[in-house]
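Student: File name protein.csv; file contents CSV, C-alpha atoms; full text below.
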```csv
chain,number,residue,atom,x,y,z
L,431,VAL,CA,24.5,-4.3,-18.1
L,432,LEU,CA,22.7,-7.4,-16.8
L,433,GLU,CA,23.0,-9.2,-20.1
L,434,ASP,CA,26.7,-8.4,-20.4
L,435,GLU,CA,27.2,-9.7,-16.8
L,436,LEU,CA,25.2,-12.9,-17.1
L,437,VAL,CA,25.7,-13.9,-20.8
L,438,THR,CA,29.0,-12.4,-21.9
L,439,ARG,CA,31.2,-12.2,-18.8
L,440,ARG,CA,30.0,-15.0,-16.6
L,441,HIS,CA,28.4,-17.4,-19.1
L,442,LEU,CA,25.6,-18.2,-16.6
L,443,VAL,CA,22.8,-18.2,-19.2
L,444,THR,CA,22.7,-18.3,-23.0
L,445,ARG,CA,21.7,-15.2,-24.9
L,446,GLY,CA,18.5,-16.9,-26.1
L,447,GLU,CA,17.5,-17.8,-22.6
L,448,PHE,CA,18.2,-14.3,-21.4
L,449,LEU,CA,16.1,-12.8,-24.2
L,450,ALA,CA,13.3,-15.2,-23.5
L,451,ILE,CA,13.2,-14.2,-19.8
L,452,TYR,CA,13.4,-10.6,-20.8
L,453,GLY,CA,10.5,-11.0,-23.3
L,454,ILE,CA,8.3,-12.7,-20.7
L,455,GLY,CA,9.2,-10.0,-18.2
L,456,ARG,CA,7.7,-7.4,-20.4
L,457,ILE,CA,4.2,-8.9,-19.9
L,458,VAL,CA,4.5,-9.4,-16.2
L,459,PRO,CA,2.3,-6.9,-14.3
L,460,SER,CA,5.1,-5.5,-12.1
L,461,GLY,CA,7.7,-3.9,-14.4
L,462,THR,CA,10.2,-5.8,-16.6
L,463,MET,CA,13.2,-5.6,-14.4
L,464,SER,CA,11.6,-6.8,-11.2
L,465,ALA,CA,10.2,-9.8,-13.2
L,466,VAL,CA,13.7,-10.5,-14.6
L,467,ALA,CA,15.1,-10.3,-11.1
L,468,VAL,CA,12.6,-12.8,-9.8
L,469,ALA,CA,13.3,-15.2,-12.7
L,470,PHE,CA,17.1,-15.1,-12.3
L,471,GLY,CA,16.9,-15.0,-8.5
L,472,HIS,CA,14.8,-18.2,-8.6
L,473,ARG,CA,17.1,-19.8,-11.2
L,474,PHE,CA,20.3,-19.3,-9.2
L,475,GLY,CA,19.0,-19.3,-5.5
L,476,GLY,CA,15.5,-20.6,-5.3
L,477,GLN,CA,13.1,-18.6,-3.0
L,478,PRO,CA,15.9,-16.9,-1.0
L,479,GLY,CA,17.4,-15.9,-4.3
L,480,VAL,CA,14.2,-14.2,-5.4
L,481,VAL,CA,14.1,-12.2,-2.2
L,482,VAL,CA,17.7,-11.2,-2.5
L,483,ALA,CA,17.4,-10.2,-6.1
L,484,LEU,CA,14.2,-8.2,-5.5
L,485,LEU,CA,15.8,-6.4,-2.5
L,486,GLY,CA,18.9,-5.7,-4.5
L,487,LEU,CA,16.8,-4.1,-7.3
L,488,VAL,CA,14.3,-2.2,-5.2
L,489,LEU,CA,16.2,-1.1,-2.0
L,490,PRO,CA,18.6,1.6,-3.4
L,491,GLY,CA,15.8,3.4,-5.2
L,492,PHE,CA,13.4,2.9,-2.3
L,493,LEU,CA,15.7,4.5,0.3
L,494,LEU,CA,16.6,7.4,-2.0
L,495,THR,CA,12.9,8.0,-2.8
L,496,VAL,CA,11.9,8.1,0.8
L,497,ALA,CA,14.9,10.3,1.7
L,498,LEU,CA,13.9,12.8,-1.0
L,499,THR,CA,10.3,12.7,0.2
L,500,ILE,CA,11.3,13.4,3.8
L,501,ALA,CA,13.3,16.4,2.3
L,502,PHE,CA,10.1,17.6,0.7
L,503,ASP,CA,8.2,17.6,3.9
L,504,ARG,CA,11.0,19.6,5.6
L,505,LEU,CA,11.2,22.1,2.7
L,506,ALA,CA,7.5,22.6,2.6
L,507,GLN,CA,7.4,23.4,6.3
L,508,GLY,CA,10.3,25.8,5.8
L,509,GLY,CA,8.4,27.9,3.3
L,510,VAL,CA,10.4,26.8,0.2
L,511,LEU,CA,7.3,25.3,-1.3
L,512,GLU,CA,6.6,28.4,-3.4
L,513,THR,CA,10.0,28.1,-5.0
L,514,ILE,CA,9.6,24.3,-5.6
L,515,ARG,CA,6.2,25.1,-7.2
L,516,ALA,CA,7.7,27.5,-9.7
L,517,THR,CA,10.8,25.5,-10.5
L,518,LEU,CA,10.7,21.7,-9.8
L,519,LEU,CA,7.0,20.9,-10.4
L,520,PRO,CA,6.7,22.4,-13.9
L,521,GLY,CA,9.8,20.3,-14.7
L,522,ALA,CA,8.2,17.2,-13.3
L,523,LEU,CA,5.2,17.9,-15.5
L,524,ALA,CA,7.5,18.1,-18.5
L,525,LEU,CA,8.8,14.6,-17.6
L,526,ILE,CA,5.2,13.3,-17.6
L,527,ALA,CA,4.6,14.8,-21.1
L,528,VAL,CA,7.9,13.3,-22.3
L,529,ALA,CA,6.8,9.9,-20.9
L,530,ALA,CA,3.6,10.1,-23.0
L,531,LEU,CA,5.5,11.1,-26.2
L,532,ARG,CA,8.1,8.3,-25.8
L,533,LEU,CA,5.4,5.7,-25.1
L,534,GLY,CA,3.5,7.0,-28.2
L,535,ARG,CA,6.6,6.6,-30.4
L,536,THR,CA,7.2,3.0,-29.3
L,537,ALA,CA,3.5,2.0,-29.2
L,538,TYR,CA,2.5,3.3,-32.7
L,539,GLN,CA,2.3,0.4,-35.2
L,540,SER,CA,-0.8,1.4,-37.3
L,541,PRO,CA,-3.6,4.0,-37.4
L,542,PRO,CA,-5.9,2.1,-34.9
L,543,ASP,CA,-3.2,2.8,-32.2
L,544,LEU,CA,-3.8,6.5,-32.8
L,545,GLY,CA,-7.6,5.9,-32.4
L,546,PHE,CA,-7.0,4.2,-29.0
L,547,ALA,CA,-4.8,7.1,-27.9
L,548,ALA,CA,-7.4,9.6,-29.0
L,549,LEU,CA,-10.2,7.7,-27.2
L,550,GLY,CA,-8.1,7.6,-24.1
L,551,PHE,CA,-7.4,11.3,-24.3
L,552,ALA,CA,-11.0,12.3,-25.0
L,553,GLY,CA,-12.4,9.9,-22.5
L,554,THR,CA,-10.3,11.3,-19.7
L,555,LEU,CA,-10.2,15.0,-20.5
L,556,LEU,CA,-13.6,15.6,-22.1
L,557,LEU,CA,-15.9,12.9,-20.7
L,558,GLY,CA,-14.3,12.3,-17.3
L,559,VAL,CA,-14.3,8.5,-17.6
L,560,ASN,CA,-12.4,6.7,-14.9
L,561,PRO,CA,-8.8,6.1,-16.3
L,562,GLY,CA,-8.6,2.6,-14.7
L,563,LEU,CA,-11.8,1.5,-16.5
L,564,LEU,CA,-10.6,3.1,-19.7
L,565,LEU,CA,-7.4,1.1,-19.6
L,566,ILE,CA,-9.2,-2.2,-19.0
L,567,ALA,CA,-11.7,-1.4,-21.8
L,568,ALA,CA,-8.8,-0.6,-24.1
L,569,GLY,CA,-7.1,-3.9,-23.3
L,570,ILE,CA,-10.3,-5.9,-24.0
L,571,ALA,CA,-10.8,-4.0,-27.2
L,572,GLY,CA,-7.2,-4.7,-28.1
L,573,ILE,CA,-7.7,-8.4,-27.7
L,574,PHE,CA,-10.4,-8.3,-30.4
L,575,LEU,CA,-8.8,-5.8,-32.7
L,576,PHE,CA,-5.1,-6.6,-32.4
L,577,GLY,CA,-5.2,-10.2,-31.0
L,578,ARG,CA,-6.0,-11.7,-34.4
L,579,GLU,CA,-3.3,-10.0,-36.3
L,580,PRO,CA,-0.5,-12.3,-37.5
L,581,ARG,CA,2.7,-12.0,-35.7
L,582,LYS,CA,5.4,-9.8,-37.4
Q,554,VAL,CA,-8.3,7.0,1.7
Q,555,THR,CA,-7.0,4.3,4.0
Q,556,LEU,CA,-3.7,2.4,3.6
Q,557,ALA,CA,-5.7,-0.7,2.6
Q,558,GLU,CA,-7.7,1.2,-0.1
Q,559,LEU,CA,-4.5,2.9,-1.4
Q,560,THR,CA,-2.7,-0.4,-1.6
Q,561,GLY,CA,-5.7,-1.9,-3.5
Q,562,LEU,CA,-5.6,1.0,-6.0
Q,563,VAL,CA,-1.9,0.8,-6.6
Q,564,LEU,CA,-2.0,-3.0,-6.9
Q,565,THR,CA,-4.8,-2.8,-9.4
Q,566,PHE,CA,-3.4,0.1,-11.5
Q,567,ASN,CA,0.1,-1.4,-11.5
Q,568,VAL,CA,-1.2,-4.8,-12.7
Q,569,VAL,CA,-3.5,-3.2,-15.4
Q,570,THR,CA,-0.6,-0.9,-16.6
Q,571,PHE,CA,2.0,-3.8,-16.5
Q,572,GLY,CA,4.1,-1.8,-14.0
Q,573,ASN,CA,4.5,1.2,-16.2
Q,574,GLY,CA,5.1,4.1,-13.7
Q,575,PRO,CA,4.0,7.1,-15.9
Q,576,VAL,CA,0.8,5.2,-17.0
Q,577,MET,CA,-0.3,5.1,-13.4
Q,578,VAL,CA,-0.4,8.9,-13.3
Q,579,PRO,CA,-3.9,9.4,-14.6
Q,580,PRO,CA,-5.8,6.9,-12.4
Q,581,LEU,CA,-3.8,7.8,-9.3
Q,582,GLN,CA,-4.2,11.5,-9.9
Q,583,ARG,CA,-7.9,11.1,-10.1
Q,584,HIS,CA,-8.2,9.0,-7.0
Q,585,LEU,CA,-5.7,10.9,-4.8
Q,586,VAL,CA,-5.6,14.5,-6.0
Q,587,GLY,CA,-9.2,14.5,-7.2
Q,588,THR,CA,-10.4,13.4,-3.8
Q,589,GLY,CA,-8.1,15.8,-1.8
Q,590,ALA,CA,-6.1,13.0,-0.3
Q,591,LEU,CA,-2.9,14.6,-1.6
Q,592,SER,CA,-2.2,18.0,-3.0
Q,593,LEU,CA,-1.1,18.4,-6.6
Q,594,ASP,CA,2.3,19.7,-5.4
Q,595,GLN,CA,2.8,16.5,-3.4
Q,596,PHE,CA,1.7,14.3,-6.3
Q,597,LEU,CA,4.0,16.0,-8.8
Q,598,TYR,CA,6.9,16.0,-6.4
Q,599,ALA,CA,6.5,12.3,-5.8
Q,600,PHE,CA,6.6,11.7,-9.6
Q,601,ALA,CA,9.7,13.8,-10.0
Q,602,VAL,CA,11.4,11.9,-7.2
Q,603,GLY,CA,10.6,8.6,-9.0
Q,604,ARG,CA,12.2,9.9,-12.2
Q,605,VAL,CA,15.4,11.0,-10.7
Q,606,THR,CA,16.1,8.0,-8.4
Q,607,PRO,CA,17.5,4.6,-9.6
Q,608,GLY,CA,15.3,1.6,-10.1
Q,609,GLN,CA,11.9,0.9,-11.6
Q,610,ALA,CA,9.7,3.7,-12.9
Q,611,ASN,CA,6.8,2.6,-10.7
Q,612,LEU,CA,8.8,3.1,-7.5
Q,613,TRP,CA,7.5,6.6,-7.2
Q,614,VAL,CA,4.5,5.1,-5.4
Q,615,ALA,CA,6.8,4.7,-2.4
Q,616,SER,CA,6.9,8.5,-2.2
Q,617,LEU,CA,3.1,8.7,-2.3
Q,618,GLY,CA,2.9,6.1,0.4
Q,619,TYR,CA,5.4,7.9,2.6
Q,620,MET,CA,3.5,11.2,2.2
Q,621,MET,CA,0.2,9.7,3.2
Q,622,PHE,CA,1.2,7.0,5.8
Q,623,GLY,CA,4.9,7.4,6.6
Q,624,TRP,CA,7.2,4.4,6.5
Q,625,PRO,CA,4.4,1.8,6.6
Q,626,GLY,CA,2.9,3.4,3.5
Q,627,ALA,CA,6.2,3.5,1.6
Q,628,VAL,CA,7.0,-0.1,2.4
Q,629,VAL,CA,3.5,-1.5,1.7
Q,630,LEU,CA,3.1,0.4,-1.6
Q,631,THR,CA,6.6,-0.7,-2.7
Q,632,ALA,CA,5.6,-4.3,-2.0
Q,633,ALA,CA,2.4,-3.8,-3.9
Q,634,VAL,CA,4.4,-3.0,-7.1
Q,635,ALA,CA,7.1,-5.5,-6.6
Q,636,VAL,CA,5.3,-8.7,-5.4
Q,637,PRO,CA,3.3,-9.2,-8.7
Q,638,ALA,CA,6.7,-10.0,-10.2
Q,639,TYR,CA,6.3,-13.5,-8.7
Q,640,THR,CA,3.9,-14.2,-11.5
Q,641,MET,CA,7.0,-14.5,-13.6
Q,642,LEU,CA,7.7,-18.0,-12.2
Q,643,PRO,CA,4.6,-19.7,-13.7
Q,644,LEU,CA,4.9,-17.6,-16.8
Q,645,VAL,CA,8.4,-18.9,-17.4
Q,646,ALA,CA,7.1,-22.5,-17.1
Q,647,TRP,CA,4.3,-21.7,-19.6
Q,648,TYR,CA,6.6,-19.7,-21.9
Q,649,HIS,CA,6.0,-21.7,-25.1
Q,650,ARG,CA,2.2,-21.6,-24.8
Q,651,LEU,CA,2.3,-17.9,-23.9
Q,652,LYS,CA,4.6,-17.1,-26.8
Q,653,ALA,CA,2.0,-18.1,-29.3
Q,654,GLU,CA,-0.9,-16.3,-27.4
Q,655,ARG,CA,-1.8,-13.3,-29.5
Q,656,ARG,CA,-4.6,-12.2,-27.2
Q,657,VAL,CA,-2.0,-11.3,-24.5
Q,658,ALA,CA,-0.2,-9.1,-27.1
Q,659,GLY,CA,-3.5,-7.6,-28.2
Q,660,PHE,CA,-4.4,-6.7,-24.6
Q,661,ILE,CA,-1.0,-5.1,-23.9
Q,662,ARG,CA,-1.2,-3.1,-27.2
Q,663,GLY,CA,-4.7,-1.8,-26.5
Q,664,VAL,CA,-3.7,-0.6,-23.0
Q,665,THR,CA,-0.4,0.9,-24.2
Q,666,SER,CA,-2.0,2.9,-27.0
Q,667,ALA,CA,-4.8,4.2,-24.8
Q,668,SER,CA,-2.2,5.1,-22.1
Q,669,VAL,CA,-0.6,7.6,-24.5
Q,670,GLY,CA,-3.9,9.6,-24.6
Q,671,LEU,CA,-4.5,9.2,-20.9
Q,672,ILE,CA,-1.1,10.6,-19.9
Q,673,LEU,CA,-1.4,13.5,-22.3
Q,674,ALA,CA,-4.8,14.3,-20.9
Q,675,SER,CA,-3.4,14.2,-17.4
Q,676,THR,CA,-0.5,16.5,-18.4
Q,677,ILE,CA,-3.1,19.0,-19.5
Q,678,GLN,CA,-5.2,18.6,-16.4
Q,679,ILE,CA,-2.2,19.0,-14.1
Q,680,GLY,CA,-0.8,21.8,-16.2
Q,681,ARG,CA,-4.0,23.9,-15.7
Q,682,ASP,CA,-3.1,24.2,-12.0
Q,683,THR,CA,0.7,24.1,-12.3
Q,684,LEU,CA,1.6,26.4,-15.2
Q,685,THR,CA,0.2,29.5,-13.6
Q,686,GLY,CA,2.8,32.1,-14.8
Q,687,PRO,CA,5.5,32.8,-17.3
Q,688,VAL,CA,8.3,31.4,-15.1
Q,689,GLU,CA,6.4,28.1,-14.7
Q,690,TRP,CA,5.8,27.9,-18.5
Q,691,LEU,CA,9.4,28.6,-19.2
Q,692,VAL,CA,10.6,25.9,-16.8
Q,693,PHE,CA,8.2,23.4,-18.3
Q,694,LEU,CA,9.2,24.2,-21.9
Q,695,THR,CA,12.9,24.2,-21.1
Q,696,ALA,CA,12.7,20.8,-19.3
Q,697,LEU,CA,10.5,19.4,-22.2
Q,698,ALA,CA,13.0,20.6,-24.8
Q,699,LEU,CA,16.1,19.3,-22.9
Q,700,VAL,CA,14.7,15.8,-22.2
Q,701,TRP,CA,12.7,15.3,-25.5
Q,702,TRP,CA,14.9,17.0,-28.1
Q,703,ARG,CA,18.3,17.2,-26.5
Q,704,ARG,CA,17.9,13.8,-24.7
Q,705,TRP,CA,19.3,15.1,-21.5
Q,706,ASN,CA,19.2,13.0,-18.3
Q,707,ALA,CA,16.1,13.8,-16.2
Q,708,ILE,CA,18.1,15.0,-13.2
Q,709,LEU,CA,20.2,17.4,-15.3
Q,710,ALA,CA,17.2,18.7,-17.2
Q,711,LEU,CA,15.3,19.3,-13.9
Q,712,ALA,CA,18.3,21.0,-12.4
Q,713,ALA,CA,18.9,23.2,-15.5
Q,714,ALA,CA,15.3,24.2,-16.0
Q,715,GLY,CA,14.7,24.7,-12.3
Q,716,GLY,CA,17.9,26.7,-12.0
Q,717,LEU,CA,16.6,28.9,-14.8
Q,718,GLY,CA,13.3,29.4,-13.1
Q,719,LEU,CA,15.1,30.2,-9.8
Q,720,ALA,CA,17.3,32.8,-11.5
Q,721,LEU,CA,14.3,34.4,-13.2
Q,722,ARG,CA,12.4,34.6,-9.9
Q,723,HIS,CA,15.4,35.9,-8.0
Q,724,LEU,CA,16.1,38.6,-10.6
Q,725,GLN,CA,12.3,39.2,-11.1
Q,726,LEU,CA,12.8,39.3,-14.8
Q,727,LEU,CA,9.3,37.8,-15.5
```
Mind converting the file's structure to structure tokens?

Tutor:
Amino acid sequence: VLEDELVTRRHLVTRGEFLAIYGIGRIVPSGTMSAVAVAFGHRFGGQPGVVVALLGLVLPGFLLTVALTIAFDRLAQGGVLETIRATLLPGALALIAVAALRLGRTAYQSPPDLGFAALGFAGTLLLGVNPGLLLIAAGIAGIFLFGREPRK
Amino acid sequence: VTLAELTGLVLTFNVVTFGNGPVMVPPLQRHLVGTGALSLDQFLYAFAVGRVTPGQANLWVASLGYMMFGWPGAVVLTAAVAVPAYTMLPLVAWYHRLKAERRVAGFIRGVTSASVGLILASTIQIGRDTLTGPVEWLVFLTALALVWWRRWNAILALAAAGGLGLALRHLQLL
């Protein structure tokens, strides 16, 4: 939608420029879309543009998230928690499982990727290693193992 | 857990996972549910809310923040996942150098691959406490099938699977 608006309809940036911004956004430690919002906000409005773009991106989801969280507090006090526990929460767990499966499908490039996933799984479930440390260790190992591969 | 400690955790895990909301599940589960700061019900509800609301996948931390510290918690944790986006500005300036940097790609690939195992492990850990009866299992498998195989939208899948669970409980069929 953003590409269609900025590149095709308004001709504000070229497709190459858009893809470059999007590509860099993928390695920014905040999530791709907020990084893209910062880049285009700065490009078109300087610092105020960044603030406006970030607020425009975050505010709708933020308000809805808090509203639904307030609803949970009310429902839990009203004794509906048992129903939520049997209906909504198993569904939420399924969404976590799907997130893992989808991530696995996009992440897999070669057998060593499977090894990393297996080590993450075993390290968390069987050995009880801190997940944060595991992620950092996997990243450092990735530098040595994958960082020397030629770009495809 | 104080608000400052929670903010530090979210900031760290968000940076390490490159803002990937589901990948933050394992470390936050360990630090918040494992220590008793939040119940598993609250934690899972917060994640579900994050999946059915618009915006970035890591915004579910606003729900965690609200549950633990009210509005200040929600605002501060949202800022903690949004503000690192400012690193985009120097990165854009260094784009051509960064483009050729294979070590960055290697780090991301290592983290991403390990994350798959971590999230699956978390699913099993949480499932031990959540999937306690046939209705819960049926809701879980129905939602899984609808989202993964049938590619349903998360909101519709949660509504359909939850409605099925509600009907089964009401009719006491399982």

Student: Would you mind telling me which residue in Q:Val586, Q:Leu717, Q:Leu617, Q:Val568 lies nearest to chain L when using all atoms listed in the file?

Tutor: Q:Val568

Student: Could you please determine the separation between atom CA of Gly663 of chain Q and atom CA of Leu575 of chain L in Å, to one decimal place?

Tutor: 8.4 Å

Student: Might you pull out every residue within 8 Å of Gly577 of chain L, with only C-alpha atoms counted and same-chain residues fewer than 2 positions away left off, and present them as a ChimeraX atom specification?

Tutor: /L:572-575,579 /Q:655-660

Student: Work out how far atom CA of Arg456 of chain L is from atom CA of Phe571 of chain Q, in Å to one decimal.

Tutor: 7.8 Å

Student: Could you name the residues that touch Leu563 of chain L at 10 Å or less, counting all atoms listed in the file, but leaving out those on the same chain fewer than 3 positions away, as a PyMOL selection string?

Tutor: (chain L and resi 559-560+566-569) or (chain Q and resi 566+569+580)

Student: Would you compute the distance between atom CA of Ala469 of chain L and atom CA of Pro490 of chain L? Give it in Å to one decimal.

Tutor: 19.9 Å

Student: Can you pull out the residues contacting Ala610 of chain Q? Cut-off 9 Å, using only C-alpha atoms, and skip same-chain residues under 2 positions away; I want them as an NGL selection string.

Tutor: (:L and (461)) or (:Q and (572-575 or 603-604 or 606-608 or 612-613))

Student: Between Q:Ala698, Q:Leu724, Q:Leu593, Q:Val614, which is the closest to Val629 of chain Q once you count all atoms listed in the file?

Tutor: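 Among Q:Ala698, Q:Leu724, Q:Leu593, Q:Val614, it is Q:Val614 that comes nearest to Val629 of chain Q.
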
Student: Contacts of Leu591 of chain Q at 12 Å or less, counting all atoms listed in the file, minus same-chain residues fewer than 2 places along, as JSON, numbers by chain?

Tutor: {"Q": [554, 559, 581, 582, 583, 584, 585, 586, 587, 588, 589, 593, 594, 595, 596, 597, 598, 599, 616, 617, 618, 619, 620, 621, 622]}
